[in-house]
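Trainee: Here it is, the structure, as structure tokens.
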Amino acid sequence: MNPKFTCTLAAAALALFVSGCASQNDAKYVDSQGPNTIVSLNSINIQDWNNAADKLVASLLESNVLERAPTLPAVMAVSRIRNNTQQQVDTDALTKKIRVALNKSGKIVTTTTLGPDGKVEDAVAADAGAMQAFMAGEKQKTTLPYYTLSGKLLEDRVKSGSTQQTTYTFQLSLTTVKDGLAVWEDETQITKQGRRSSVGW
């Protein structure tokens, strides 16, 4: 075979190999709810939040408990979501998705001027409401929620040889403010197993 031709083929093959490796290692956009996101054994991933929120919202809507409110859409406040896992997480990753879905259903509106321990989500709206009431010479009128949403995140880790398994449990309760009774409760579990993090489900 012609040496020049052989060298040309080798150079072309090397270029294809290098470009292939680069394309696999380069950053790229993936669908946040698609099958190509990274699965980590030691943390709650975005697909975990999405799956848990979807399942819990479906359970709540199928229960038809929201139709029992005297007026629709009913006002709901988000209470404390306790994190009993080994990691620091922002529980809004779960509750925000649930709130958006419930608001879109037309059965719930969420108050952002009430929160656990007096920590409101929208301080400007709370202050503006107080100022408006003061200017009108009235006591501040606050729309009290009919429901509150509370919950807990749990974690269970086990290991067999080099294989790890982590189960995350997402628990939620919907409580009526007037009597303090939980009118809906459910939980969903997500279990991940393997030796190391990987790409794809």
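Note on naming: chains are A, B, ... as they come in the structure tokens, residues start from 1 per chain, ligands start from 1 in the order shown.
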Report as CSV: every residue of stretch 139-190 of chain A with an atom at most 12 Å from stretch 25-40 of chain A, its closest pair of atoms, and their distance in Å to one decimal, counting only C-alpha atoms, with rows sorted by chain and ascending residue number.

Mentor:
```
residue,atom,partner,partner_atom,distance
A:Gln164,CA,A:Ser40,CA,10.9
A:Gln165,CA,A:Ser40,CA,10.7
A:Thr166,CA,A:Ser40,CA,9.7
A:Thr167,CA,A:Ser40,CA,11.9
A:Ile190,CA,A:Val39,CA,11.8
```

Trainee: Based on the selection just made, write N, CA and C atoms of those residues as a PDB file, in the first residue's frame.

Mentor:
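Output saved as again_32.pdb:
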```
ATOM      1  N   GLN A 164     -24.126   0.026  45.984  1.00  0.00           N
ATOM      2  CA  GLN A 164     -24.831   0.898  46.922  1.00  0.00           C
ATOM      3  C   GLN A 164     -26.299   1.019  46.519  1.00  0.00           C
ATOM      4  N   GLN A 165     -27.137   1.220  47.496  1.00  0.00           N
ATOM      5  CA  GLN A 165     -28.564   1.472  47.240  1.00  0.00           C
ATOM      6  C   GLN A 165     -29.040   2.596  48.148  1.00  0.00           C
ATOM      7  N   THR A 166     -29.681   3.566  47.553  1.00  0.00           N
ATOM      8  CA  THR A 166     -30.212   4.702  48.303  1.00  0.00           C
ATOM      9  C   THR A 166     -31.686   4.866  47.977  1.00  0.00           C
ATOM     10  N   THR A 167     -32.507   4.967  49.013  1.00  0.00           N
ATOM     11  CA  THR A 167     -33.944   5.191  48.833  1.00  0.00           C
ATOM     12  C   THR A 167     -34.311   6.524  49.461  1.00  0.00           C
ATOM     13  N   ILE A 190     -38.246   6.718  45.864  1.00  0.00           N
ATOM     14  CA  ILE A 190     -37.373   6.577  44.696  1.00  0.00           C
ATOM     15  C   ILE A 190     -36.115   5.858  45.168  1.00  0.00           C
TER      16      ILE A 190
END
```

Trainee: Compile the contact shell of stretch 75-79 of chain A as a PyMOL selection string: residues with an atom at most 7 Å away, counting only C-alpha atoms, same-chain residues fewer than 5 positions apart removed.

Mentor: chain A and resi 108-111+114-116+145-150

Trainee: What's around A:Val65 at 9 Å? Count only C-alpha atoms, leave out sequence neighbours fewer than 5 positions away in its own chain, and write the answer as a ChimeraX atom specification.

Mentor: /A:60,183-184

Trainee: Find the spatial neighbours of stretch 92-100 of chain A, counting only C-alpha atoms, within a cut-off of 12 Å - ignore same-chain residues fewer than 4 positions away - and output them as a PyMOL selection string.

Mentor: chain A and resi 44-61+75-83+104-112+121+148-153+170-173

Trainee: Can you write out the residues you just picked, keeping N, CA and C atoms, as a short mmCIF file (atom, residue, chain, number, x, y, z; two decimals), in the first residue's frame?

Mentor:
```
data_model
loop_
_atom_site.label_atom_id
_atom_site.label_comp_id
_atom_site.auth_asym_id
_atom_site.auth_seq_id
_atom_site.Cartn_x
_atom_site.Cartn_y
_atom_site.Cartn_z
N ILE A 44 -30.13 13.79 45.67
CA ILE A 44 -31.43 13.84 45.00
C ILE A 44 -31.25 14.63 43.72
N ASN A 45 -31.52 13.99 42.59
CA ASN A 45 -31.35 14.63 41.29
C ASN A 45 -32.62 15.35 40.86
N ILE A 46 -32.50 16.15 39.81
CA ILE A 46 -33.66 16.88 39.30
C ILE A 46 -34.75 15.92 38.86
N GLN A 47 -34.37 14.76 38.29
CA GLN A 47 -35.40 13.81 37.87
C GLN A 47 -36.12 13.21 39.08
N ASP A 48 -35.44 13.13 40.23
CA ASP A 48 -36.09 12.64 41.44
C ASP A 48 -37.16 13.62 41.91
N TRP A 49 -36.80 14.93 41.93
CA TRP A 49 -37.78 15.95 42.30
C TRP A 49 -38.97 15.92 41.35
N ASN A 50 -38.69 15.82 40.04
CA ASN A 50 -39.77 15.82 39.05
C ASN A 50 -40.70 14.63 39.23
N ASN A 51 -40.11 13.44 39.39
CA ASN A 51 -40.92 12.23 39.53
C ASN A 51 -41.75 12.26 40.80
N ALA A 52 -41.14 12.69 41.92
CA ALA A 52 -41.87 12.74 43.18
C ALA A 52 -43.02 13.73 43.11
N ALA A 53 -42.75 14.90 42.54
CA ALA A 53 -43.80 15.93 42.44
C ALA A 53 -44.95 15.44 41.56
N ASP A 54 -44.63 14.82 40.43
CA ASP A 54 -45.68 14.34 39.51
C ASP A 54 -46.57 13.31 40.19
N LYS A 55 -45.95 12.37 40.91
CA LYS A 55 -46.73 11.31 41.56
C LYS A 55 -47.60 11.85 42.69
N LEU A 56 -47.06 12.78 43.49
CA LEU A 56 -47.82 13.32 44.62
C LEU A 56 -48.95 14.22 44.14
N VAL A 57 -48.72 15.00 43.11
CA VAL A 57 -49.79 15.85 42.57
C VAL A 57 -50.91 14.98 42.01
N ALA A 58 -50.55 13.94 41.26
CA ALA A 58 -51.56 13.03 40.71
C ALA A 58 -52.38 12.39 41.82
N SER A 59 -51.72 11.99 42.90
CA SER A 59 -52.43 11.38 44.03
C SER A 59 -53.40 12.37 44.66
N LEU A 60 -52.95 13.60 44.86
CA LEU A 60 -53.80 14.61 45.49
C LEU A 60 -55.01 14.95 44.62
N LEU A 61 -54.79 15.12 43.33
CA LEU A 61 -55.90 15.48 42.45
C LEU A 61 -56.89 14.32 42.31
N VAL A 75 -57.45 28.50 49.18
CA VAL A 75 -56.14 29.10 49.49
C VAL A 75 -55.30 28.09 50.28
N MET A 76 -54.06 27.92 49.84
CA MET A 76 -53.16 26.98 50.51
C MET A 76 -51.87 27.69 50.90
N ALA A 77 -51.37 27.39 52.08
CA ALA A 77 -50.07 27.89 52.53
C ALA A 77 -49.11 26.72 52.65
N VAL A 78 -47.86 26.95 52.29
CA VAL A 78 -46.85 25.90 52.41
C VAL A 78 -46.19 26.01 53.78
N SER A 79 -46.30 24.96 54.56
CA SER A 79 -45.71 24.91 55.89
C SER A 79 -44.30 24.33 55.79
N ARG A 80 -43.80 23.79 56.87
CA ARG A 80 -42.42 23.31 56.89
C ARG A 80 -42.30 21.93 56.24
N ILE A 81 -41.30 21.80 55.39
CA ILE A 81 -40.93 20.51 54.82
C ILE A 81 -39.62 20.09 55.49
N ARG A 82 -39.69 19.12 56.37
CA ARG A 82 -38.51 18.73 57.15
C ARG A 82 -37.57 17.86 56.31
N ASN A 83 -36.31 18.19 56.37
CA ASN A 83 -35.29 17.44 55.64
C ASN A 83 -34.54 16.53 56.60
N LYS A 104 -52.26 25.49 38.37
CA LYS A 104 -52.74 25.28 37.00
C LYS A 104 -54.03 24.48 36.97
N SER A 105 -54.27 23.67 38.00
CA SER A 105 -55.50 22.88 38.04
C SER A 105 -56.73 23.75 38.29
N GLY A 106 -56.51 24.97 38.79
CA GLY A 106 -57.63 25.87 39.09
C GLY A 106 -58.30 25.58 40.42
N LYS A 107 -57.77 24.64 41.19
CA LYS A 107 -58.39 24.26 42.46
C LYS A 107 -57.68 24.86 43.67
N ILE A 108 -56.47 25.40 43.45
CA ILE A 108 -55.66 25.93 44.54
C ILE A 108 -55.00 27.23 44.12
N VAL A 109 -54.93 28.18 45.05
CA VAL A 109 -54.04 29.33 44.92
C VAL A 109 -53.17 29.34 46.18
N THR A 110 -51.94 29.75 46.02
CA THR A 110 -51.00 29.69 47.15
C THR A 110 -50.76 31.09 47.70
N THR A 111 -50.87 31.22 49.02
CA THR A 111 -50.52 32.48 49.65
C THR A 111 -49.02 32.55 49.84
N THR A 112 -48.42 33.68 49.51
CA THR A 112 -46.98 33.86 49.66
C THR A 112 -46.65 34.85 50.78
N GLU A 121 -42.65 34.18 52.07
CA GLU A 121 -41.96 34.06 50.79
C GLU A 121 -41.85 35.40 50.09
N THR A 148 -53.07 23.78 54.53
CA THR A 148 -51.62 23.92 54.64
C THR A 148 -50.98 22.62 54.13
N LEU A 149 -49.82 22.78 53.51
CA LEU A 149 -49.09 21.63 52.97
C LEU A 149 -47.79 21.47 53.76
N SER A 150 -47.59 20.30 54.34
CA SER A 150 -46.37 20.03 55.10
C SER A 150 -45.82 18.68 54.67
N GLY A 151 -44.59 18.40 55.08
CA GLY A 151 -44.02 17.12 54.66
C GLY A 151 -42.67 16.83 55.26
N LYS A 152 -42.08 15.76 54.77
CA LYS A 152 -40.79 15.31 55.29
C LYS A 152 -40.05 14.55 54.19
N LEU A 153 -38.72 14.70 54.19
CA LEU A 153 -37.86 13.95 53.28
C LEU A 153 -37.04 12.97 54.11
N PHE A 170 -40.44 10.71 49.94
CA PHE A 170 -41.04 12.03 49.94
C PHE A 170 -42.44 11.91 50.54
N GLN A 171 -42.67 12.52 51.70
CA GLN A 171 -43.96 12.45 52.38
C GLN A 171 -44.62 13.82 52.41
N LEU A 172 -45.92 13.85 52.14
CA LEU A 172 -46.67 15.11 52.18
C LEU A 172 -48.00 14.91 52.90
N SER A 173 -48.46 16.00 53.56
CA SER A 173 -49.77 16.00 54.22
C SER A 173 -50.47 17.30 53.89
#
```

Trainee: Just how far from atom CA of A:Leu154 is atom CA of A:Ser43, in Å to one decimal?

Mentor: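 Pair atom CA of A:Ser43 / atom CA of A:Leu154 returns 12.1 Å.
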